[in-house]
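**Student:** What follows is the file data-v4.txt, containing compact mmCIF, C-alpha atoms and all ligand atoms:
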# COMPACT_ATOMS: atom_id res chain seq x y z
CA MET A 912 18.85 4.78 2.64
CA ILE A 913 21.42 3.11 0.38
CA LYS A 914 24.22 4.94 2.22
CA ALA A 915 22.89 3.59 5.52
CA ILE A 916 22.73 0.06 4.06
CA HIS A 917 26.39 0.33 3.01
CA THR A 918 27.39 1.71 6.41
CA HIS A 919 25.55 -0.77 8.61
CA LYS A 920 25.41 -3.84 6.35
CA PRO A 921 22.45 -5.43 8.14
CA SER A 922 21.51 -9.03 7.32
CA LEU A 923 17.98 -7.94 6.44
CA VAL A 924 16.32 -4.72 5.31
CA ALA A 925 12.55 -4.39 5.75
CA MET A 926 10.73 -1.52 4.16
CA VAL A 927 7.41 -0.21 2.94
CA HIS A 928 7.00 0.29 -0.82
CA GLY A 929 4.14 2.77 -0.74
CA GLU A 930 3.99 4.79 2.46
CA THR A 931 0.31 5.52 2.93
CA SER A 932 1.04 7.73 5.94
CA THR A 933 3.07 10.23 3.90
CA GLY A 934 2.04 9.47 0.30
CA GLN A 935 5.59 8.60 -0.71
CA MET A 936 7.04 5.67 -2.64
CA GLN A 937 10.44 4.09 -2.08
CA PRO A 938 12.81 3.60 -5.05
CA LEU A 939 12.92 -0.16 -4.63
CA ALA A 940 14.85 -0.91 -7.82
CA GLU A 941 17.92 0.92 -6.50
CA ILE A 942 17.52 -0.30 -2.92
CA GLY A 943 17.02 -3.88 -4.16
CA LYS A 944 20.20 -3.75 -6.20
CA ALA A 945 22.21 -2.35 -3.29
CA CYS A 946 20.89 -5.10 -0.99
CA ARG A 947 21.55 -7.90 -3.47
CA ASP A 948 25.10 -6.64 -4.15
CA LEU A 949 25.79 -6.93 -0.41
CA ASP A 950 23.86 -10.21 -0.06
CA ILE A 951 21.30 -8.58 2.25
CA LEU A 952 17.73 -9.87 2.31
CA LEU A 953 15.13 -7.28 1.32
CA VAL A 954 11.61 -7.73 2.68
CA VAL A 955 8.94 -5.38 1.36
CA ASP A 956 5.47 -4.32 2.48
CA ALA A 957 3.57 -3.74 -0.76
CA VAL A 958 0.17 -3.62 0.95
CA ALA A 959 -0.77 -0.29 -0.58
CA THR A 960 0.82 -0.70 -4.00
CA ILE A 961 0.00 -4.21 -5.20
CA GLY A 962 -2.56 -3.95 -8.00
CA GLY A 963 -2.24 -0.16 -8.32
CA THR A 964 1.33 0.46 -9.40
CA PRO A 965 4.09 -1.91 -10.55
CA VAL A 966 5.77 -4.13 -7.96
CA GLU A 967 8.62 -5.82 -9.88
CA THR A 968 9.54 -8.47 -7.35
CA ASP A 969 12.28 -10.25 -9.31
CA ALA A 970 13.57 -7.39 -11.46
CA TRP A 971 14.03 -5.23 -8.35
CA HIS A 972 15.67 -8.09 -6.39
CA LEU A 973 13.00 -8.15 -3.69
CA ASP A 974 13.41 -11.32 -1.63
CA ALA A 975 10.02 -11.28 0.08
CA VAL A 976 6.94 -9.19 -0.65
CA MET A 977 3.73 -8.99 1.34
CA GLY A 978 0.56 -7.52 -0.06
CA GLY A 979 -2.90 -6.81 1.25
CA THR A 980 -6.24 -7.47 -0.39
CA GLN A 981 -8.17 -4.44 0.77
CA LYS A 982 -6.43 -1.61 -1.04
CA CYS A 983 -5.68 -1.60 -4.79
CA LEU A 984 -6.99 -5.15 -5.23
CA SER A 985 -10.36 -4.01 -3.83
CA VAL A 986 -11.08 -7.32 -2.16
CA PRO A 987 -12.41 -7.57 1.42
CA SER A 988 -9.71 -7.31 4.06
CA GLY A 989 -8.28 -10.25 5.93
CA MET A 990 -5.62 -11.83 3.74
CA ALA A 991 -1.99 -10.99 3.10
CA PRO A 992 -0.75 -12.54 -0.16
CA LEU A 993 2.97 -13.08 0.07
CA THR A 994 5.83 -14.30 -2.03
CA TYR A 995 9.43 -15.12 -1.18
CA ASN A 996 12.37 -16.65 -2.95
CA SER A 997 14.80 -19.46 -2.19
CA ARG A 998 17.18 -17.06 -0.39
CA VAL A 999 14.46 -16.43 2.19
CA GLU A 1000 13.51 -20.09 2.28
CA GLN A 1001 17.11 -21.05 3.07
CA LYS A 1002 17.19 -18.54 5.89
CA LEU A 1003 13.90 -19.84 7.28
CA MET A 1004 14.96 -23.46 7.17
CA SER A 1005 18.29 -22.72 8.81
CA ARG A 1006 16.83 -20.87 11.79
CA LYS A 1007 14.12 -23.22 12.88
CA THR A 1008 13.77 -22.97 16.61
CA VAL A 1009 11.04 -25.51 17.19
CA GLU A 1010 11.57 -29.13 16.17
CA ARG A 1011 9.80 -30.01 12.93
CA GLY A 1012 6.55 -31.70 13.79
CA LEU A 1013 6.80 -30.67 17.43
CA ARG A 1014 4.80 -27.53 17.93
CA ASP A 1015 5.08 -27.27 21.67
CA ALA A 1016 5.48 -23.58 22.33
CA THR A 1017 5.48 -24.03 26.10
CA SER A 1018 8.38 -26.45 26.18
CA ALA A 1019 10.27 -24.39 23.61
CA ARG A 1020 9.94 -21.35 25.84
CA ALA A 1021 10.89 -23.39 28.90
CA GLU A 1022 14.12 -24.31 27.14
CA GLY A 1023 14.75 -20.65 26.42
CA ARG A 1024 14.21 -20.99 22.69
CA THR A 1025 12.40 -18.20 20.98
CA ILE A 1026 9.50 -19.04 18.75
CA ALA A 1027 7.56 -16.91 16.39
CA SER A 1028 3.84 -16.62 16.85
CA ASN A 1029 1.92 -19.37 15.10
CA TYR A 1030 0.59 -16.86 12.58
CA PHE A 1031 3.93 -15.36 11.66
CA ASP A 1032 5.94 -18.56 11.58
CA LEU A 1033 6.70 -19.14 7.92
CA SER A 1034 8.58 -22.35 8.62
CA GLN A 1035 5.35 -23.80 10.00
CA LEU A 1036 3.53 -22.55 6.94
CA GLN A 1037 6.11 -24.25 4.73
CA ASP A 1038 5.06 -27.56 6.25
CA TYR A 1039 1.45 -26.70 5.47
CA TRP A 1040 2.19 -25.83 1.84
CA SER A 1041 4.65 -28.68 1.27
CA SER A 1042 3.90 -32.36 0.75
CA ALA A 1043 4.00 -32.74 4.55
CA ARG A 1044 0.58 -31.01 4.66
CA LEU A 1045 0.95 -30.51 8.38
CA ASN A 1046 -2.10 -28.69 9.63
CA HIS A 1047 -1.42 -25.03 10.42
CA HIS A 1048 -4.78 -23.35 10.17
CA THR A 1049 -8.13 -23.73 8.45
CA GLU A 1050 -8.44 -21.58 5.35
CA ALA A 1051 -11.12 -18.90 5.33
CA THR A 1052 -12.54 -20.20 2.07
CA SER A 1053 -14.78 -17.22 1.35
CA MET A 1054 -11.73 -14.95 1.45
CA LEU A 1055 -9.99 -17.09 -1.15
CA TYR A 1056 -13.03 -16.79 -3.41
CA GLY A 1057 -12.95 -13.03 -2.86
CA LEU A 1058 -9.29 -12.83 -3.78
CA HIS A 1059 -9.84 -15.02 -6.83
CA GLU A 1060 -12.61 -12.74 -8.05
CA GLY A 1061 -10.54 -9.60 -7.37
CA LEU A 1062 -7.62 -11.00 -9.34
CA ARG A 1063 -9.93 -12.14 -12.15
CA ILE A 1064 -11.24 -8.58 -12.48
CA LEU A 1065 -7.68 -7.24 -12.37
CA LEU A 1066 -6.54 -9.53 -15.18
CA GLN A 1067 -9.65 -8.73 -17.19
CA GLU A 1068 -8.72 -5.04 -17.05
CA GLY A 1069 -5.05 -5.83 -17.65
CA LEU A 1070 -2.23 -4.89 -15.30
CA GLU A 1071 -0.80 -2.18 -17.54
CA ALA A 1072 -4.23 -0.61 -18.14
CA ARG A 1073 -4.88 -0.70 -14.42
CA PHE A 1074 -1.62 1.08 -13.60
CA GLN A 1075 -2.37 3.70 -16.27
CA ARG A 1076 -5.87 4.23 -14.86
CA HIS A 1077 -4.38 4.89 -11.41
CA LEU A 1078 -1.88 7.35 -12.90
CA ALA A 1079 -4.50 9.20 -14.96
CA ASN A 1080 -6.87 9.62 -12.01
CA GLU A 1081 -3.98 10.72 -9.83
CA ARG A 1082 -3.04 13.36 -12.41
CA ALA A 1083 -6.62 14.64 -12.54
CA LEU A 1084 -6.86 14.75 -8.75
CA VAL A 1085 -3.53 16.56 -8.41
CA ALA A 1086 -4.52 19.07 -11.11
CA GLY A 1087 -7.79 19.70 -9.27
CA ILE A 1088 -6.13 20.16 -5.88
CA GLN A 1089 -3.63 22.59 -7.39
CA GLY A 1090 -6.42 24.31 -9.34
CA MET A 1091 -8.11 24.96 -6.00
CA GLY A 1092 -4.92 26.64 -4.80
CA LEU A 1093 -4.10 23.96 -2.21
CA GLN A 1094 -0.56 22.72 -1.56
CA LEU A 1095 0.33 19.09 -2.07
CA TYR A 1096 2.35 17.58 0.74
CA GLY A 1097 5.61 15.73 0.10
CA ASP A 1098 8.24 15.28 -2.57
CA MET A 1099 6.46 15.10 -5.92
CA SER A 1100 9.34 13.17 -7.54
CA SER A 1101 8.66 10.19 -5.27
CA LYS A 1102 4.91 10.60 -4.88
CA LEU A 1103 2.87 7.45 -4.34
CA PRO A 1104 0.32 7.44 -7.21
CA VAL A 1105 -2.48 5.92 -5.14
CA VAL A 1106 -2.42 8.37 -2.22
CA THR A 1107 -2.45 12.15 -2.54
CA CYS A 1108 -1.53 14.22 0.52
CA ILE A 1109 -2.68 17.81 0.92
CA THR A 1110 -1.36 20.35 3.38
CA ILE A 1111 -4.28 21.60 5.46
CA PRO A 1112 -4.42 25.37 4.86
CA GLU A 1113 -3.53 27.71 7.73
CA GLY A 1114 -6.54 28.47 9.92
CA ILE A 1115 -8.67 25.58 8.64
CA ASP A 1116 -9.89 22.93 11.06
CA GLY A 1117 -8.99 19.73 9.19
CA GLU A 1118 -11.26 17.52 11.25
CA SER A 1119 -14.25 19.80 10.72
CA VAL A 1120 -13.66 19.61 6.94
CA ARG A 1121 -13.45 15.81 7.11
CA SER A 1122 -16.67 15.56 9.12
CA MET A 1123 -18.58 17.76 6.72
CA LEU A 1124 -17.29 15.77 3.72
CA LEU A 1125 -18.43 12.58 5.39
CA ASN A 1126 -21.76 13.74 6.72
CA ASP A 1127 -22.93 15.92 3.84
CA PHE A 1128 -21.26 14.24 0.85
CA SER A 1129 -20.63 10.66 2.06
CA ILE A 1130 -16.96 11.06 1.21
CA GLU A 1131 -14.29 9.92 3.65
CA ILE A 1132 -10.80 11.30 3.32
CA ALA A 1133 -8.10 10.45 5.85
CA SER A 1134 -6.23 12.59 8.30
CA SER A 1135 -2.79 11.52 9.45
CA PHE A 1136 -1.00 10.63 12.65
CA GLY A 1137 2.27 11.19 14.51
CA PRO A 1138 4.05 14.43 13.58
CA LEU A 1139 1.67 14.91 10.63
CA LYS A 1140 -1.46 14.81 12.79
CA GLY A 1141 -3.59 17.83 11.94
CA GLN A 1142 -1.15 18.85 9.18
CA ILE A 1143 -2.35 16.92 6.15
CA TRP A 1144 -5.34 15.25 4.55
CA ARG A 1145 -4.87 12.08 2.52
CA ILE A 1146 -7.00 11.00 -0.41
CA GLY A 1147 -6.75 7.43 -1.64
CA THR A 1148 -7.41 6.50 -5.26
CA MET A 1149 -7.15 2.75 -5.08
CA GLY A 1150 -8.58 -0.10 -7.11
CA PHE A 1151 -12.32 0.11 -7.73
CA SER A 1152 -12.62 3.53 -6.07
CA CYS A 1153 -10.06 5.00 -8.47
CA GLN A 1154 -12.59 6.38 -10.93
CA ARG A 1155 -13.20 9.63 -12.78
CA LYS A 1156 -16.57 10.22 -11.10
CA ASN A 1157 -15.07 9.80 -7.63
CA VAL A 1158 -12.22 12.21 -8.37
CA LEU A 1159 -14.63 14.83 -9.73
CA HIS A 1160 -17.01 14.29 -6.83
CA VAL A 1161 -14.31 14.69 -4.16
CA LEU A 1162 -12.93 17.84 -5.81
CA GLY A 1163 -16.36 19.47 -6.05
CA ALA A 1164 -17.23 18.52 -2.50
CA LEU A 1165 -13.90 19.62 -1.01
CA GLU A 1166 -14.21 22.97 -2.73
CA ALA A 1167 -17.74 23.46 -1.38
CA VAL A 1168 -16.72 22.46 2.15
CA LEU A 1169 -13.68 24.74 2.11
CA LEU A 1170 -15.81 27.67 0.94
CA ARG A 1171 -18.18 26.85 3.77
CA HIS A 1172 -15.20 27.09 6.12
CA ARG A 1173 -14.51 30.59 4.72
CA HIS A 1174 -11.36 29.52 2.91
CA VAL A 1175 -10.70 31.79 -0.07
CA LEU A 1176 -10.18 29.85 -3.29
CA PRO A 1177 -10.77 30.23 -7.03
CA ALA A 1178 -14.25 28.69 -7.18
CA GLY A 1179 -14.89 26.28 -10.03
CA GLU A 1180 -11.26 25.86 -11.04
CA ALA A 1181 -10.63 22.48 -9.42
CA VAL A 1182 -13.18 20.41 -11.31
CA GLN A 1183 -12.31 22.22 -14.55
CA ALA A 1184 -8.61 21.42 -14.10
CA ALA A 1185 -9.45 17.75 -13.57
CA LEU A 1186 -11.81 17.77 -16.57
CA ASP A 1187 -8.96 19.21 -18.67
CA VAL A 1188 -6.84 16.20 -17.73
CA TYR A 1189 -9.68 13.83 -18.57
CA ALA A 1190 -10.21 15.59 -21.90
CA GLY A 1191 -6.61 14.76 -22.83
CA LYS A 1192 -5.11 11.50 -23.98
CA GLU A 1193 -5.15 9.97 -20.51
CA GLY A 1194 -8.89 10.56 -20.15
CA ALA A 1195 -9.61 7.57 -22.32
CA LEU A 1196 -7.99 5.39 -19.66
CA CYS A 1197 -10.48 6.29 -16.92
C1 LIG B 1201 1.63 0.39 3.62
C2 LIG B 1201 0.74 -0.36 4.58
N1 LIG B 1201 1.20 -1.48 5.16
C3 LIG B 1201 0.44 -2.18 6.02
C4 LIG B 1201 -0.83 -1.77 6.33
C5 LIG B 1201 -1.60 -2.58 7.31
O1 LIG B 1201 -2.47 -3.40 6.66
P1 LIG B 1201 -3.53 -4.23 7.52
O2 LIG B 1201 -4.50 -3.23 8.02
O3 LIG B 1201 -4.11 -5.19 6.53
O4 LIG B 1201 -2.78 -4.89 8.61
C6 LIG B 1201 -1.35 -0.64 5.76
C7 LIG B 1201 -2.72 -0.21 6.11
O5 LIG B 1201 -3.10 0.89 6.07
C8 LIG B 1201 -0.55 0.10 4.86
O6 LIG B 1201 -1.00 1.22 4.30
Since I need it in another form, could you write the structure as structure tokens?

**Tutor:**
Amino acid sequence: MIKAIHTHKPSLVAMVHGETSTGQMQPLAEIGKACRDLDILLVVDAVATIGGTPVETDAWHLDAVMGGTQKCLSVPSGMAPLTYNSRVEQKLMSRKTVERGLRDATSARAEGRTIASNYFDLSQLQDYWSSARLNHHTEATSMLYGLHEGLRILLQEGLEARFQRHLANERALVAGIQGMGLQLYGDMSSKLPVVTCITIPEGIDGESVRSMLLNDFSIEIASSFGPLKGQIWRIGTMGFSCQRKNVLHVLGALEAVLLRHRHVLPAGEAVQAALDVYAGKEGALC
């Protein structure tokens, strides 16, 4: 990635911090430094990571970061908290395509000027947030209350404790999956702590396993899409759902369902491996 940035020197790099589709995490500290050294703007999707694993916006030189409420913050979906710095603000203010105060998309288009959609136009939002208070949209107040409550719970737990809880449950889940003899998918050195990907064993119908987990155990695990369709399962351990009882429950259920699908595995090992992790120092964090 950094090599490509040096080769192409784009004006902006946009990337995903935690790739939920593959269970991988990008090394943003290094990428951020490379971008800042070349004066490139770095825009990051931290939808899956915010509230579950550190997102060091300033220390990693991230210029803009977007989050989501529905994953590790465990707040109903519908909002995208975002932050950006003065470098982004300068860029926004210098590329305005619609006159300030004149929001006539039709005439702008007629003149051949491009405009962003109302929802994605940050320069319009700047006018809403600034002293101009120019109406942009009507806030969904109940969502703001939801976010406030989610963040209150997060701060009550403490950010560091929350990150450690996600790591400890991930470790227990990984130990259980390996104890069952299943293969984890992806590079473990850059694994995303809040999503664990498993290679579907040869000869097993992944969708049939998912259906049985859902219908008989009320547990939903994800499949994947694109080239990974039918190749992997994905288990999320995010926010409120990231709990010892859920990890133990999913391991026990997955083992039972796989046995039902005539997959040969060392019965009983998975939950014991996870319990071993919980019995250690990290267990106290969950
Ligand atoms: C990394 C990442 N970015 C963005 C999204 C999209 O979020 P939303 O569904 O809120 O548009 C998702 C959702 O799965 C995601 O995992």

**Student:** Just the number, please: distance in Å from CA of Arg1073 in chain A to CA of Arg947 in chain A, one decimal.

**Tutor:**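 Interatomic distance, CA of Arg1073 in chain A to CA of Arg947 in chain A: 29.5 Å.
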
**Student:** Listed atoms of ligand LIG 1201 (chain B), axis-aligned box, 6 Å per side: centre and edge lengths to one decimal in Å, as lines of an AutoDock Vina configuration file?

**Tutor:**
center_x = -1.4
center_y = -2.0
center_z = 6.1
size_x = 18.1
size_y = 18.4
size_z = 17.0

**Student:** Once you count only C-alpha atoms and all ligand atoms, which residues end up within 9 Å of ligand LIG 1201 (chain B), and could you hand them over as a count of residues only?

**Tutor:** 21

**Student:** For range 1101-1115 of chain A, find every residue with an atom within 8 Å (counting only C-alpha atoms), except residues of its own chain fewer than 2 positions away, and show them as a CSV table (one decimal) with C-alpha atoms, keeping the file's coordinate frame.

**Tutor:**
chain,number,residue,atom,x,y,z
A,929,GLY,CA,4.1,2.8,-0.7
A,930,GLU,CA,4.0,4.8,2.5
A,931,THR,CA,0.3,5.5,2.9
A,933,THR,CA,3.1,10.2,3.9
A,934,GLY,CA,2.0,9.5,0.3
A,935,GLN,CA,5.6,8.6,-0.7
A,936,MET,CA,7.0,5.7,-2.6
A,937,GLN,CA,10.4,4.1,-2.1
A,938,PRO,CA,12.8,3.6,-5.0
A,959,ALA,CA,-0.8,-0.3,-0.6
A,960,THR,CA,0.8,-0.7,-4.0
A,963,GLY,CA,-2.2,-0.2,-8.3
A,964,THR,CA,1.3,0.5,-9.4
A,1077,HIS,CA,-4.4,4.9,-11.4
A,1078,LEU,CA,-1.9,7.4,-12.9
A,1081,GLU,CA,-4.0,10.7,-9.8
A,1085,VAL,CA,-3.5,16.6,-8.4
A,1088,ILE,CA,-6.1,20.2,-5.9
A,1093,LEU,CA,-4.1,24.0,-2.2
A,1094,GLN,CA,-0.6,22.7,-1.6
A,1095,LEU,CA,0.3,19.1,-2.1
A,1096,TYR,CA,2.4,17.6,0.7
A,1097,GLY,CA,5.6,15.7,0.1
A,1098,ASP,CA,8.2,15.3,-2.6
A,1099,MET,CA,6.5,15.1,-5.9
A,1117,GLY,CA,-9.0,19.7,9.2
A,1120,VAL,CA,-13.7,19.6,6.9
A,1141,GLY,CA,-3.6,17.8,11.9
A,1142,GLN,CA,-1.2,18.8,9.2
A,1143,ILE,CA,-2.4,16.9,6.2
A,1144,TRP,CA,-5.3,15.2,4.6
A,1145,ARG,CA,-4.9,12.1,2.5
A,1146,ILE,CA,-7.0,11.0,-0.4
A,1147,GLY,CA,-6.8,7.4,-1.6
A,1148,THR,CA,-7.4,6.5,-5.3
A,1149,MET,CA,-7.2,2.8,-5.1
A,1172,HIS,CA,-15.2,27.1,6.1
A,1174,HIS,CA,-11.4,29.5,2.9

**Student:** Closest to Leu1065 in chain A among A:Leu1196, A:Leu973, A:Leu1139, A:Cys983, using only C-alpha atoms?

**Tutor:**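 Under the stated criterion, the closest residue is A:Cys983.
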